[in-house]
Amino acid sequence: MKKLGWMALVAGALSSVGCGTEPLEESRARPVVERYAALVNENYTDAVTKAKELRTAVEAFVADPTEAKLTAARNAWLAARPAYGQSEAFRFYGGPIDDEDTGPEGRINAWPLDEAYIDSVEGSPNAGIINATTEYPTLTEELLISLNERDGETNIATGYHAIEFLLWGQDRSVTGPGNRPASDFVTAPNAERRRQYLKLATELLVKDLESVQAQWTPGADNYGKRFAAQEPQEAVLQVLTGLGSLSGAELSGERMTVAYDNKDQEDEHSCFSDNTKADLYANALGIQNVYLGRYGTVDGKGLDELVAAVDPKLDEEMKQRLQASLDAIQAIPGPFDQAILGADNAGGRQKVKTAIDALKAQTETLVDVATALGITLNLE
């Protein structure tokens, strides 16, 4: 993400629990808070599992860099994205993923990424960490961590998008993603370092995701335990801050409006693989998951039950808004980098604008939901 900073978001996103606390009475709200903590664990567990499958595919490719194994590694990356994308609904309130001191989000999913910071690009064959053999003679996880976002927020050295760039290369196609050849990992200059970098970045991704998962594992003395034990009003406030911040400033704003306004491929989320639309959909699905208390096939008590108890009409409106956002994102023609081009009355741009507007309306309704639950949520 671009550097909005969760502290700034929370400072502008919230921030008082209203006097009418009856909607969050202990016996009704406690199961919802506990279900949220369980849902977070389920989601991060899924994300770790898929990241490990990506690691397996990358290791197989690095050991034998064929086109078939490169395709398998790309497919594993694509398969890993939906779980993490849904987990972004748990951000923006200072949880383990965003903790100012230990939160690894900037190493996991930071973007946009300056390709030349990592590797050679068109017109600059010696660019990047991989080709800086004198400055960085030995590649290690510690080195990549130290270089991530050094001297600039686009100097991304780790995470999903660094791996994405290594697997696909630059996207120069108007109809599809990048198409880096497997030979870049075999016969191209510094091919061995390219393989090593890819393996290191993928292993680090798994470790960072595991560190977040561990903070939500049931039965441990961790953040998840403390979250579930706090007053329901405070917990629900954090949940709604995360949902509202993702829905508004981040998803409809940074991830869509910026690209829509600039008409620039570099502003789309997964620009090398052309996976941006799927990323956006996963983010919106994560918001719906939390509201409904659902992840995958597991369903439980969500915010919807609290809202329905005090305002059934608002609950129905919220559910409709959530589905409308998902439907609008799904209707965007791919690839996203082509949909944002052209005149405002072009089909693709109209679909993108419709999705942005749906997310804005959804965010406004989330504020109404907070109010109905006795919480003041200011997302201006």
# chains A, B, ... in the order shown; residues from 1 in each chain; ligands from 1

$ residues_around --residues "A:Leu54" --least-positions-apart "4" --cutoff "12 Å" --atoms "only C-alpha atoms" --output "ChimeraX atom specification"
/A:47-50,58-61,69-81,160,163-164,167,198-199,201-206

$ residues_around --residues "A:Thr363" --least-positions-apart "2" --cutoff "12 Å" --atoms "only C-alpha atoms" --output "PyMOL selection string"
chain A and resi 13+240-253+284+287-288+317-318+321-322+325+356-361+365-370+377-380

$ write_last_selection --atoms "C-alpha atoms" --output "short mmCIF file (atom, residue, chain, number, x, y, z; two decimals), in the first residue's frame"
data_model
loop_
_atom_site.label_atom_id
_atom_site.label_comp_id
_atom_site.auth_asym_id
_atom_site.auth_seq_id
_atom_site.Cartn_x
_atom_site.Cartn_y
_atom_site.Cartn_z
CA ALA A 13 -11.21 7.39 11.59
CA LEU A 240 -15.28 -1.03 12.26
CA THR A 241 -12.23 1.22 12.00
CA GLY A 242 -10.50 -1.52 10.00
CA LEU A 243 -13.48 -2.08 7.73
CA GLY A 244 -14.18 1.60 7.15
CA SER A 245 -10.54 2.47 6.49
CA LEU A 246 -10.10 -0.37 4.00
CA SER A 247 -13.41 0.30 2.26
CA GLY A 248 -12.90 4.05 1.97
CA ALA A 249 -9.44 5.62 2.07
CA GLU A 250 -7.59 2.50 0.98
CA LEU A 251 -9.74 0.47 -1.42
CA SER A 252 -11.94 3.05 -3.12
CA GLY A 253 -9.19 5.66 -2.74
CA ALA A 284 -14.08 -6.28 -0.68
CA ILE A 287 -15.06 -6.68 4.46
CA GLN A 288 -18.18 -8.73 3.78
CA GLU A 317 -28.97 -2.10 3.44
CA MET A 318 -25.45 -2.93 4.63
CA ARG A 321 -24.06 -2.45 -0.20
CA LEU A 322 -21.47 -5.16 0.42
CA SER A 325 -19.45 -3.54 -4.27
CA ILE A 356 -15.47 3.23 -6.74
CA ASP A 357 -18.89 4.78 -6.13
CA ALA A 358 -20.25 1.50 -4.74
CA LEU A 359 -17.37 1.32 -2.26
CA LYS A 360 -17.92 4.93 -1.21
CA ALA A 361 -21.62 4.23 -0.59
CA THR A 365 -23.30 2.85 5.37
CA LEU A 366 -20.55 1.44 7.60
CA VAL A 367 -20.54 4.79 9.40
CA ASP A 368 -24.31 4.45 9.85
CA VAL A 369 -23.77 0.94 11.21
CA ALA A 370 -21.32 2.28 13.76
CA LEU A 377 -16.81 6.60 13.43
CA ASN A 378 -15.43 9.60 11.56
CA LEU A 379 -13.75 8.53 8.32
CA GLU A 380 -13.40 12.02 6.83
#

$ closest_residue --among "A:Gly374, A:Pro65, A:Pro333, A:Pro181" --to "A:Gln233" --atoms "only C-alpha atoms"
A:Gly374

$ atom_distance --atom1 "atom CA of A:Leu39" --atom2 "atom CA of A:Tyr295"
6.3 Å

$ atom_distance --atom1 "atom CA of A:Val307" --atom2 "atom CA of A:Ala372"
7.0 Å

$ atom_distance --atom1 "atom CA of A:Ala89" --atom2 "atom CA of A:Asp221"
22.8 Å

$ closest_residue --among "A:Glu210, A:Asp299, A:Glu142, A:Leu166" --to "A:Gly178" --atoms "only C-alpha atoms"
A:Leu166

$ select_by_dssp --residues "stretch 116-151 of chain A" --states "alpha helix (DSSP H)" --output "PyMOL selection string"
chain A and resi 141-147

$ write_last_selection --atoms "N, CA and C atoms" --output "mmCIF file, in the first residue's frame"
data_model
loop_
_atom_site.group_PDB
_atom_site.id
_atom_site.type_symbol
_atom_site.label_atom_id
_atom_site.label_comp_id
_atom_site.auth_asym_id
_atom_site.auth_seq_id
_atom_site.Cartn_x
_atom_site.Cartn_y
_atom_site.Cartn_z
ATOM 1 N N GLU A 141 18.225 -12.928 3.879
ATOM 2 C CA GLU A 141 16.944 -12.381 4.314
ATOM 3 C C GLU A 141 17.153 -11.069 5.062
ATOM 4 N N GLU A 142 18.181 -11.021 5.891
ATOM 5 C CA GLU A 142 18.468 -9.812 6.670
ATOM 6 C C GLU A 142 18.766 -8.634 5.754
ATOM 7 N N LEU A 143 19.494 -8.891 4.668
ATOM 8 C CA LEU A 143 19.787 -7.822 3.726
ATOM 9 C C LEU A 143 18.499 -7.310 3.080
ATOM 10 N N LEU A 144 17.644 -8.219 2.636
ATOM 11 C CA LEU A 144 16.404 -7.798 1.985
ATOM 12 C C LEU A 144 15.532 -6.999 2.944
ATOM 13 N N ILE A 145 15.481 -7.423 4.194
ATOM 14 C CA ILE A 145 14.710 -6.679 5.201
ATOM 15 C C ILE A 145 15.278 -5.271 5.349
ATOM 16 N N SER A 146 16.596 -5.157 5.414
ATOM 17 C CA SER A 146 17.226 -3.849 5.621
ATOM 18 C C SER A 146 17.039 -2.932 4.427
ATOM 19 N N LEU A 147 16.895 -3.517 3.231
ATOM 20 C CA LEU A 147 16.762 -2.711 2.015
ATOM 21 C C LEU A 147 15.308 -2.358 1.694
#

$ residues_around --residues "A:Asp184" --least-positions-apart "3" --cutoff "10 Å" --atoms "only C-alpha atoms" --output "list in words"
Pro65, Leu166, Leu167, Gly169, Arg180, Pro181, Thr187, Ala188, Pro189, Asn190, Ala191, Glu192, Arg194 and Arg195 of chain A

$ select_by_dssp --residues "stretch 198-354 of chain A" --states "strand (DSSP E or B)" --output "list in words"
Arg294, Tyr295, Val298 and Asp299 of chain A

$ residues_around --residues "A:Ser120" --least-positions-apart "4" --cutoff "10 Å" --atoms "only C-alpha atoms" --output "PyMOL selection string"
chain A and resi 115-116+124-131+169-170+189

$ write_last_selection --atoms "N, CA, C and O atoms" --output "compact mmCIF listing (two decimals), in the first residue's frame"
# COMPACT_ATOMS: atom_id res chain seq x y z
N GLU A 115 10.55 -1.40 -10.05
CA GLU A 115 11.18 -2.64 -10.51
C GLU A 115 12.71 -2.53 -10.54
O GLU A 115 13.42 -3.49 -10.22
N ALA A 116 13.20 -1.35 -10.93
CA ALA A 116 14.65 -1.17 -11.07
C ALA A 116 15.38 -1.23 -9.74
O ALA A 116 16.61 -1.32 -9.71
N SER A 124 17.79 -0.55 -18.66
CA SER A 124 18.75 -0.52 -17.53
C SER A 124 19.15 -1.93 -17.17
O SER A 124 18.69 -2.50 -16.17
N PRO A 125 20.02 -2.55 -17.96
CA PRO A 125 20.37 -3.96 -17.75
C PRO A 125 21.14 -4.25 -16.48
O PRO A 125 21.19 -5.40 -16.04
N ASN A 126 21.73 -3.22 -15.88
CA ASN A 126 22.52 -3.45 -14.67
C ASN A 126 21.85 -2.93 -13.40
O ASN A 126 22.47 -2.83 -12.35
N ALA A 127 20.57 -2.64 -13.50
CA ALA A 127 19.87 -2.05 -12.36
C ALA A 127 19.56 -3.08 -11.30
O ALA A 127 19.50 -4.28 -11.56
N GLY A 128 19.36 -2.60 -10.09
CA GLY A 128 18.78 -3.43 -9.04
C GLY A 128 19.75 -4.14 -8.12
O GLY A 128 20.93 -4.30 -8.41
N ILE A 129 19.20 -4.58 -7.02
CA ILE A 129 19.95 -5.29 -5.99
C ILE A 129 20.58 -6.55 -6.57
O ILE A 129 21.72 -6.90 -6.24
N ILE A 130 19.82 -7.25 -7.41
CA ILE A 130 20.32 -8.51 -7.97
C ILE A 130 21.61 -8.30 -8.75
O ILE A 130 22.53 -9.14 -8.71
N ASN A 131 21.73 -7.19 -9.44
CA ASN A 131 22.90 -6.94 -10.27
C ASN A 131 23.98 -6.13 -9.54
O ASN A 131 25.05 -5.90 -10.11
N GLY A 169 8.11 -10.41 -14.46
CA GLY A 169 8.83 -9.34 -15.12
C GLY A 169 7.91 -8.16 -15.41
O GLY A 169 6.75 -8.15 -15.03
N GLN A 170 8.45 -7.17 -16.10
CA GLN A 170 7.65 -5.99 -16.43
C GLN A 170 6.50 -6.36 -17.36
O GLN A 170 6.63 -7.23 -18.22
N PRO A 189 22.47 -12.70 -17.22
CA PRO A 189 23.44 -12.24 -16.22
C PRO A 189 22.86 -12.32 -14.81
O PRO A 189 21.69 -11.96 -14.58

$ closest_residue --among "A:Gly94, A:Val40, A:Arg30, A:Pro112" --to "A:Val298" --atoms "only C-alpha atoms"
A:Val40

$ closest_residue --among "A:Lys353, A:Arg28, A:Lys319, A:Arg55" --to "A:Asp304" --atoms "only C-alpha atoms"
A:Lys319
